[in-house]
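Here's work_34.cif, which has mmCIF, C-alpha atoms, pLDDT in the B column; chains and numbers go by the auth columns:
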data_coords
#
loop_
_atom_site.group_PDB
_atom_site.id
_atom_site.type_symbol
_atom_site.label_atom_id
_atom_site.label_comp_id
_atom_site.label_asym_id
_atom_site.label_seq_id
_atom_site.Cartn_x
_atom_site.Cartn_y
_atom_site.Cartn_z
_atom_site.B_iso_or_equiv
_atom_site.auth_seq_id
_atom_site.auth_asym_id
ATOM 1 C CA MET A 1 57.964 -91.398 -31.294 75.00 1 L
ATOM 2 C CA ILE A 2 60.648 -89.713 -29.208 78.00 2 L
ATOM 3 C CA GLY A 3 58.280 -86.775 -28.550 75.00 3 L
ATOM 4 C CA ILE A 4 55.539 -89.103 -27.335 75.00 4 L
ATOM 5 C CA ALA A 5 57.929 -91.126 -25.192 73.00 5 L
ATOM 6 C CA SER A 6 59.317 -87.953 -23.651 73.00 6 L
ATOM 7 C CA GLU A 7 55.825 -86.971 -22.487 68.00 7 L
ATOM 8 C CA LEU A 8 55.204 -90.413 -21.036 69.00 8 L
ATOM 9 C CA TRP A 9 58.491 -90.611 -19.119 71.00 9 L
ATOM 10 C CA SER A 10 58.806 -87.049 -17.940 74.00 10 L
ATOM 11 C CA SER A 11 56.949 -85.459 -15.065 77.00 11 L
ATOM 12 C CA LEU A 12 56.509 -82.159 -13.311 79.00 12 L
ATOM 13 C CA ALA A 13 59.451 -80.768 -11.417 83.00 13 L
ATOM 14 C CA ALA A 14 59.366 -81.728 -7.719 87.00 14 L
ATOM 15 C CA PRO A 15 58.332 -78.226 -6.522 92.00 15 L
ATOM 16 C CA MET A 16 55.372 -78.243 -8.921 89.00 16 L
ATOM 17 C CA GLN A 17 54.382 -81.728 -7.734 88.00 17 L
ATOM 18 C CA ASP A 18 54.297 -80.347 -4.188 91.00 18 L
ATOM 19 C CA VAL A 19 52.102 -77.445 -5.319 90.00 19 L
ATOM 20 C CA ALA A 20 49.714 -79.797 -7.136 89.00 20 L
ATOM 21 C CA ALA A 21 49.471 -82.081 -4.091 92.00 21 L
ATOM 22 C CA TYR A 22 48.732 -79.081 -1.860 93.00 22 L
ATOM 23 C CA VAL A 23 46.035 -77.665 -4.144 92.00 23 L
ATOM 24 C CA LEU A 24 44.369 -81.033 -4.706 92.00 24 L
ATOM 25 C CA ASP A 25 43.785 -81.285 -0.946 94.00 25 L
ATOM 26 C CA ASP A 26 41.395 -78.281 -1.260 94.00 26 L
ATOM 27 C CA PRO A 27 42.919 -76.170 1.510 95.00 27 L
ATOM 28 C CA ASP A 28 40.825 -73.265 2.785 95.00 28 L
ATOM 29 C CA SER A 29 43.121 -70.616 1.301 94.00 29 L
ATOM 30 C CA VAL A 30 42.738 -72.112 -2.181 94.00 30 L
ATOM 31 C CA MET A 31 38.981 -72.610 -1.872 96.00 31 L
ATOM 32 C CA ILE A 32 38.535 -68.986 -0.723 95.00 32 L
ATOM 33 C CA GLN A 33 40.537 -67.813 -3.743 94.00 33 L
ATOM 34 C CA VAL A 34 38.485 -69.993 -6.101 93.00 34 L
ATOM 35 C CA ALA A 35 35.209 -68.679 -4.653 94.00 35 L
ATOM 36 C CA ALA A 36 36.388 -65.066 -5.002 95.00 36 L
ATOM 37 C CA SER A 37 37.422 -65.723 -8.606 94.00 37 L
ATOM 38 C CA ARG A 38 34.029 -67.218 -9.420 93.00 38 L
ATOM 39 C CA ARG A 39 32.244 -64.200 -7.932 94.00 39 L
ATOM 40 C CA LEU A 40 34.399 -61.782 -9.912 95.00 40 L
ATOM 41 C CA HIS A 41 33.967 -63.704 -13.185 94.00 41 L
ATOM 42 C CA GLU A 42 30.212 -63.917 -12.662 94.00 42 L
ATOM 43 C CA ARG A 43 29.715 -60.233 -11.865 95.00 43 L
ATOM 44 C CA ILE A 44 31.813 -58.915 -14.733 96.00 44 L
ATOM 45 C CA SER A 45 30.497 -61.447 -17.262 95.00 45 L
ATOM 46 C CA LEU A 46 26.893 -60.644 -16.342 95.00 46 L
ATOM 47 C CA ALA A 47 27.581 -56.909 -16.637 96.00 47 L
ATOM 48 C CA VAL A 48 29.049 -57.392 -20.131 96.00 48 L
ATOM 49 C CA TYR A 49 26.134 -59.669 -21.041 97.00 49 L
ATOM 50 C CA GLY A 50 23.681 -56.961 -19.957 97.00 50 L
ATOM 51 C CA ILE A 51 25.405 -54.346 -22.089 97.00 51 L
ATOM 52 C CA LEU A 52 25.523 -56.645 -25.118 97.00 52 L
ATOM 53 C CA THR A 53 21.877 -57.657 -24.907 97.00 53 L
ATOM 54 C CA ALA A 54 20.717 -54.089 -24.261 96.00 54 L
ATOM 55 C CA ALA A 55 22.467 -53.089 -27.490 94.00 55 L
ATOM 56 C CA GLY A 56 20.624 -55.796 -29.403 94.00 56 L
ATOM 57 C CA ALA A 57 23.375 -58.387 -29.709 96.00 57 L
ATOM 58 C CA ALA A 58 22.443 -62.047 -29.715 97.00 58 L
ATOM 59 C CA VAL A 59 24.529 -63.687 -27.005 96.00 59 L
ATOM 60 C CA ARG A 60 24.187 -66.549 -24.574 94.00 60 L
ATOM 61 C CA LYS A 61 23.990 -65.782 -20.901 93.00 61 L
ATOM 62 C CA PRO A 62 27.371 -66.596 -19.324 90.00 62 L
ATOM 63 C CA ASN A 63 27.422 -69.812 -17.379 87.00 63 L
ATOM 64 C CA ALA A 64 31.007 -70.314 -16.242 80.00 64 L
ATOM 65 C CA ALA A 65 33.485 -68.794 -18.648 74.00 65 L
ATOM 66 C CA PHE A 66 34.920 -65.324 -18.761 78.00 66 L
ATOM 67 C CA TYR A 67 34.354 -65.029 -22.495 88.00 67 L
ATOM 68 C CA SER A 68 31.293 -63.825 -24.350 93.00 68 L
ATOM 69 C CA TYR A 69 30.668 -64.555 -28.012 95.00 69 L
ATOM 70 C CA PRO A 70 28.063 -62.062 -29.255 97.00 70 L
ATOM 71 C CA ASP A 71 26.574 -61.840 -32.703 97.00 71 L
ATOM 72 C CA LEU A 72 25.982 -58.346 -34.065 96.00 72 L
ATOM 73 C CA GLU A 73 24.072 -59.462 -37.147 96.00 73 L
ATOM 74 C CA CYS A 74 21.414 -56.863 -36.291 94.00 74 L
ATOM 75 C CA PHE A 75 23.955 -54.153 -37.174 95.00 75 L
ATOM 76 C CA ARG A 76 24.950 -55.640 -40.547 95.00 76 L
ATOM 77 C CA PRO A 77 23.184 -53.056 -42.796 95.00 77 L
ATOM 78 C CA ALA A 78 24.644 -50.052 -40.975 94.00 78 L
ATOM 79 C CA LEU A 79 28.104 -51.619 -40.690 96.00 79 L
ATOM 80 C CA ALA A 80 28.119 -52.829 -44.290 96.00 80 L
ATOM 81 C CA ALA A 81 27.485 -49.232 -45.377 95.00 81 L
ATOM 82 C CA ARG A 82 30.787 -48.416 -43.655 95.00 82 L
ATOM 83 C CA GLY A 83 32.692 -51.224 -45.371 96.00 83 L
ATOM 84 C CA VAL A 84 32.447 -53.812 -42.599 97.00 84 L
ATOM 85 C CA LYS A 85 32.019 -57.181 -44.313 97.00 85 L
ATOM 86 C CA GLY A 86 32.688 -59.733 -41.575 97.00 86 L
ATOM 87 C CA SER A 87 34.207 -60.495 -38.212 97.00 87 L
ATOM 88 C CA ASP A 88 37.754 -59.334 -39.037 98.00 88 L
ATOM 89 C CA ASP A 89 36.441 -55.989 -40.271 97.00 89 L
ATOM 90 C CA LEU A 90 34.102 -55.758 -37.290 97.00 90 L
ATOM 91 C CA ALA A 91 36.895 -56.309 -34.761 97.00 91 L
ATOM 92 C CA GLU A 92 39.015 -53.680 -36.516 97.00 92 L
ATOM 93 C CA PHE A 93 36.089 -51.233 -36.705 97.00 93 L
ATOM 94 C CA LEU A 94 35.244 -51.610 -32.997 97.00 94 L
ATOM 95 C CA LEU A 95 38.865 -50.977 -32.055 97.00 95 L
ATOM 96 C CA ASP A 96 39.448 -48.061 -34.424 97.00 96 L
ATOM 97 C CA GLN A 97 36.133 -46.288 -33.857 96.00 97 L
ATOM 98 C CA TYR A 98 35.384 -47.016 -30.197 96.00 98 L
ATOM 99 C CA GLY A 99 38.551 -48.379 -28.595 95.00 99 L
ATOM 100 C CA ILE A 100 36.847 -51.734 -27.962 95.00 100 L
ATOM 101 C CA GLY A 101 39.306 -54.604 -28.309 94.00 101 L
ATOM 102 C CA VAL A 102 37.769 -57.940 -29.299 95.00 102 L
ATOM 103 C CA LEU A 103 38.931 -61.013 -31.161 95.00 103 L
ATOM 104 C CA SER A 104 37.397 -61.773 -34.535 97.00 104 L
ATOM 105 C CA GLY A 105 35.200 -64.841 -34.724 96.00 105 L
ATOM 106 C CA ALA A 106 37.140 -65.894 -37.808 97.00 106 L
ATOM 107 C CA ALA A 107 40.211 -66.315 -35.589 95.00 107 L
ATOM 108 C CA PHE A 108 38.304 -69.160 -33.886 93.00 108 L
ATOM 109 C CA GLY A 109 37.212 -70.893 -37.068 95.00 109 L
ATOM 110 C CA ASP A 110 33.862 -69.131 -37.362 96.00 110 L
ATOM 111 C CA ASN A 111 32.433 -68.074 -40.706 97.00 111 L
ATOM 112 C CA PRO A 112 34.513 -65.012 -41.695 97.00 112 L
ATOM 113 C CA GLY A 113 31.375 -63.264 -42.977 97.00 113 L
ATOM 114 C CA ALA A 114 29.593 -63.558 -39.639 97.00 114 L
ATOM 115 C CA PHE A 115 29.403 -60.568 -37.308 97.00 115 L
ATOM 116 C CA ARG A 116 30.620 -62.481 -34.255 97.00 116 L
ATOM 117 C CA PHE A 117 33.583 -61.933 -31.992 96.00 117 L
ATOM 118 C CA ARG A 118 34.978 -62.992 -28.643 95.00 118 L
ATOM 119 C CA VAL A 119 35.083 -60.653 -25.674 94.00 119 L
ATOM 120 C CA ALA A 120 37.558 -61.602 -22.934 91.00 120 L
ATOM 121 C CA THR A 121 35.897 -60.166 -19.846 91.00 121 L
ATOM 122 C CA SER A 122 38.870 -61.109 -17.664 90.00 122 L
ATOM 123 C CA LEU A 123 40.828 -58.299 -19.321 90.00 123 L
ATOM 124 C CA LEU A 124 38.552 -55.818 -17.538 93.00 124 L
ATOM 125 C CA TYR A 125 39.784 -56.807 -14.059 95.00 125 L
ATOM 126 C CA GLY A 126 42.693 -54.413 -14.230 95.00 126 L
ATOM 127 C CA GLU A 127 46.002 -53.639 -15.845 95.00 127 L
ATOM 128 C CA THR A 128 48.150 -54.039 -12.741 97.00 128 L
ATOM 129 C CA ASP A 129 48.445 -56.732 -10.096 97.00 129 L
ATOM 130 C CA GLU A 130 47.134 -54.245 -7.549 98.00 130 L
ATOM 131 C CA GLN A 131 44.005 -53.550 -9.601 98.00 131 L
ATOM 132 C CA ARG A 132 43.372 -57.248 -10.205 97.00 132 L
ATOM 133 C CA TRP A 133 43.757 -58.093 -6.490 97.00 133 L
ATOM 134 C CA THR A 134 41.439 -55.212 -5.607 97.00 134 L
ATOM 135 C CA ALA A 135 38.857 -56.458 -8.113 97.00 135 L
ATOM 136 C CA LEU A 136 39.141 -59.970 -6.725 96.00 136 L
ATOM 137 C CA SER A 137 38.407 -58.838 -3.175 96.00 137 L
ATOM 138 C CA SER A 138 35.714 -56.283 -4.056 97.00 138 L
ATOM 139 C CA ASP A 139 32.054 -56.877 -3.225 95.00 139 L
ATOM 140 C CA HIS A 140 31.126 -54.524 -6.096 97.00 140 L
ATOM 141 C CA PRO A 141 33.830 -54.889 -8.775 97.00 141 L
ATOM 142 C CA THR A 142 31.741 -53.211 -11.482 97.00 142 L
ATOM 143 C CA GLU A 143 31.926 -50.005 -9.442 98.00 143 L
ATOM 144 C CA LEU A 144 35.730 -49.906 -9.380 98.00 144 L
ATOM 145 C CA PRO A 145 36.854 -46.971 -11.541 98.00 145 L
ATOM 146 C CA TRP A 146 38.853 -48.949 -14.123 97.00 146 L
ATOM 147 C CA ILE A 147 36.157 -51.607 -14.525 97.00 147 L
ATOM 148 C CA ALA A 148 33.322 -49.074 -14.603 98.00 148 L
ATOM 149 C CA ALA A 149 35.227 -47.108 -17.270 97.00 149 L
ATOM 150 C CA ALA A 150 35.754 -50.205 -19.429 96.00 150 L
ATOM 151 C CA LEU A 151 32.101 -51.190 -19.124 97.00 151 L
ATOM 152 C CA GLU A 152 31.033 -47.642 -20.007 97.00 152 L
ATOM 153 C CA GLN A 153 33.333 -47.674 -23.050 96.00 153 L
ATOM 154 C CA LEU A 154 31.726 -50.914 -24.229 96.00 154 L
ATOM 155 C CA LYS A 155 28.257 -49.517 -23.592 97.00 155 L
ATOM 156 C CA SER A 156 28.901 -46.215 -25.346 96.00 156 L
ATOM 157 C CA GLY A 157 30.502 -47.941 -28.344 96.00 157 L
ATOM 158 C CA LEU A 158 27.596 -50.316 -28.780 95.00 158 L
ATOM 159 C CA THR A 159 25.121 -47.481 -28.255 94.00 159 L
ATOM 160 C CA ALA A 160 26.892 -45.561 -31.010 94.00 160 L
ATOM 161 C CA LEU A 161 26.523 -48.583 -33.299 91.00 161 L
ATOM 162 C CA ARG A 162 22.760 -48.452 -32.775 86.00 162 L
ATOM 163 C CA SER A 163 22.686 -44.901 -34.092 87.00 163 L
ATOM 164 C CA LEU A 164 24.733 -45.538 -37.257 87.00 164 L
#
In structure tokens, what does this structure look like?
Amino acid sequence: MIGIASELWSSLAAPMQDVAAYVLDDPDSVMIQVAASRRLHERISLAVYGILTAAGAAVRKPNAAFYSYPDLECFRPALAARGVKGSDDLAEFLLDQYGIGVLSGAAFGDNPGAFRFRVATSLLYGETDEQRWTALSSDHPTELPWIAAALEQLKSGLTALRSL
């Protein structure tokens, strides 16, 4: 009861209340930032979607999120021959064999035997603040060297899966 009451009686610190009030007024600087973020998310998510579908993965076209949740069931026979039995094994295999970091579908409550995983496309924007700001302001973020390299790594890894 004390925990619930604490949440009801407490509030944001005054500086954070000021920030929230400012942002909720939709100032131009915030709206420009939001629009740039949407463009970046869309371009990178669509690029990842294209690579996944070209490889044969079943995946929904991204609509707003910066996550993809592909199903690689089509690779089950070849992967099973290499000891991959489900999403945990698949995530480990992709990382060990191709340097592709994904999160196992089982970590999100999915069937552990399924060949599904989550790809966080936002992790491709860059490793440093400078790279992320550059990606945010770029008209062609998929052509930036660090993003192009990550997309190529995903593509080459999935292409290699097709030839197992």
- Message: With distances taken over only C-alpha atoms, which residue among L:Ala13, L:Ala78, L:Val34, L:Val48 lies nearest Leu90 in chain L?
- Response: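 Closest to Leu90 in chain L of all the choices is L:Ala78.
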- Query: Got a sec: who's within 12 Å of Glu143 in chain L, counting all atoms listed in the file, leaving out chain neighbours fewer than 3 positions off, as a list in words?
  - Reply: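 Residues meeting the cut-off are Arg43, Ile44, Ala47, Leu124, Tyr125, Thr134, Ala135, Ser138, Asp139, His140, Trp146, Ile147, Ala148, Ala149, Ala150, Leu151 and Glu152 of chain L.
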- What does the distance from CA of Gly113 in chain L to CA of Lys155 in chain L come to in Å, to one decimal?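 Interatomic distance, CA of Gly113 in chain L to CA of Lys155 in chain L: 24.0 Å.
This file, queried with the PyMOL selection byres ((chain L and resi 86) around 7), gives the residues Val84, Lys85, Ser87, Asp88, Asp89, Leu90, Pro112, Gly113, Ala114 and Phe115 of chain L.
Applied to this file, the PyMOL selection byres ((chain L and resi 65) around 9) selects the residues His41, Glu42, Ser45, Pro62, Asn63, Ala64, Phe66, Tyr67 and Ser68 of chain L.
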- Task: Tell me, as a list of chain:residue names, which residues lie within 12 Å of range 25-33 of chain L, counting all atoms listed in the file; anything in the same chain fewer than 6 positions away does not count.
- Result: L:Asp18, L:Val19, L:Arg39, L:Leu40, L:Trp133, L:Leu136, L:Ser137
Selected residues written out with C-alpha atoms, as an mmCIF file, in the frame of the given file:
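As written to disk, part_38.cif reads:
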data_model
loop_
_atom_site.group_PDB
_atom_site.id
_atom_site.type_symbol
_atom_site.label_atom_id
_atom_site.label_comp_id
_atom_site.auth_asym_id
_atom_site.auth_seq_id
_atom_site.Cartn_x
_atom_site.Cartn_y
_atom_site.Cartn_z
ATOM 1 C CA ASP L 18 54.297 -80.347 -4.188
ATOM 2 C CA VAL L 19 52.102 -77.445 -5.319
ATOM 3 C CA ARG L 39 32.244 -64.200 -7.932
ATOM 4 C CA LEU L 40 34.399 -61.782 -9.912
ATOM 5 C CA TRP L 133 43.757 -58.093 -6.490
ATOM 6 C CA LEU L 136 39.141 -59.970 -6.725
ATOM 7 C CA SER L 137 38.407 -58.838 -3.175
#
Missing atoms of range 141-154 of chain L rebuilt to N, CA, C and O atoms, written as a short mmCIF file (atom, residue, chain, number, x, y, z; two decimals), in the frame of the given file:
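Output saved as result_28.cif:
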data_model
loop_
_atom_site.label_atom_id
_atom_site.label_comp_id
_atom_site.auth_asym_id
_atom_site.auth_seq_id
_atom_site.Cartn_x
_atom_site.Cartn_y
_atom_site.Cartn_z
N PRO L 141 32.75 -55.17 -7.83
CA PRO L 141 33.83 -54.89 -8.78
C PRO L 141 33.42 -54.00 -9.94
O PRO L 141 34.25 -53.27 -10.47
N THR L 142 32.16 -54.04 -10.34
CA THR L 142 31.74 -53.21 -11.48
C THR L 142 31.76 -51.73 -11.14
O THR L 142 31.68 -50.89 -12.03
N GLU L 143 31.87 -51.40 -9.86
CA GLU L 143 31.93 -50.00 -9.44
C GLU L 143 33.36 -49.49 -9.31
O GLU L 143 33.56 -48.28 -9.08
N LEU L 144 34.34 -50.36 -9.43
CA LEU L 144 35.73 -49.91 -9.38
C LEU L 144 35.99 -49.03 -10.60
O LEU L 144 35.51 -49.33 -11.69
N PRO L 145 36.72 -47.94 -10.44
CA PRO L 145 36.85 -46.97 -11.54
C PRO L 145 37.32 -47.56 -12.87
O PRO L 145 36.76 -47.22 -13.92
N TRP L 146 38.32 -48.42 -12.86
CA TRP L 146 38.85 -48.95 -14.12
C TRP L 146 37.88 -49.94 -14.76
O TRP L 146 37.78 -50.01 -15.98
N ILE L 147 37.14 -50.68 -13.96
CA ILE L 147 36.16 -51.61 -14.52
C ILE L 147 34.93 -50.84 -15.00
O ILE L 147 34.43 -51.09 -16.11
N ALA L 148 34.47 -49.89 -14.20
CA ALA L 148 33.32 -49.07 -14.60
C ALA L 148 33.63 -48.33 -15.90
O ALA L 148 32.77 -48.24 -16.79
N ALA L 149 34.85 -47.83 -16.05
CA ALA L 149 35.23 -47.11 -17.27
C ALA L 149 35.23 -48.04 -18.47
O ALA L 149 34.75 -47.66 -19.56
N ALA L 150 35.73 -49.25 -18.31
CA ALA L 150 35.75 -50.20 -19.43
C ALA L 150 34.34 -50.62 -19.82
O ALA L 150 34.02 -50.72 -21.01
N LEU L 151 33.49 -50.84 -18.83
CA LEU L 151 32.10 -51.19 -19.12
C LEU L 151 31.38 -50.04 -19.82
O LEU L 151 30.61 -50.25 -20.75
N GLU L 152 31.66 -48.82 -19.37
CA GLU L 152 31.03 -47.64 -20.01
C GLU L 152 31.53 -47.48 -21.44
O GLU L 152 30.75 -47.11 -22.32
N GLN L 153 32.80 -47.76 -21.69
CA GLN L 153 33.33 -47.67 -23.05
C GLN L 153 32.63 -48.69 -23.96
O GLN L 153 32.26 -48.37 -25.09
N LEU L 154 32.45 -49.91 -23.46
CA LEU L 154 31.73 -50.91 -24.23
C LEU L 154 30.29 -50.46 -24.49
O LEU L 154 29.81 -50.52 -25.63
#
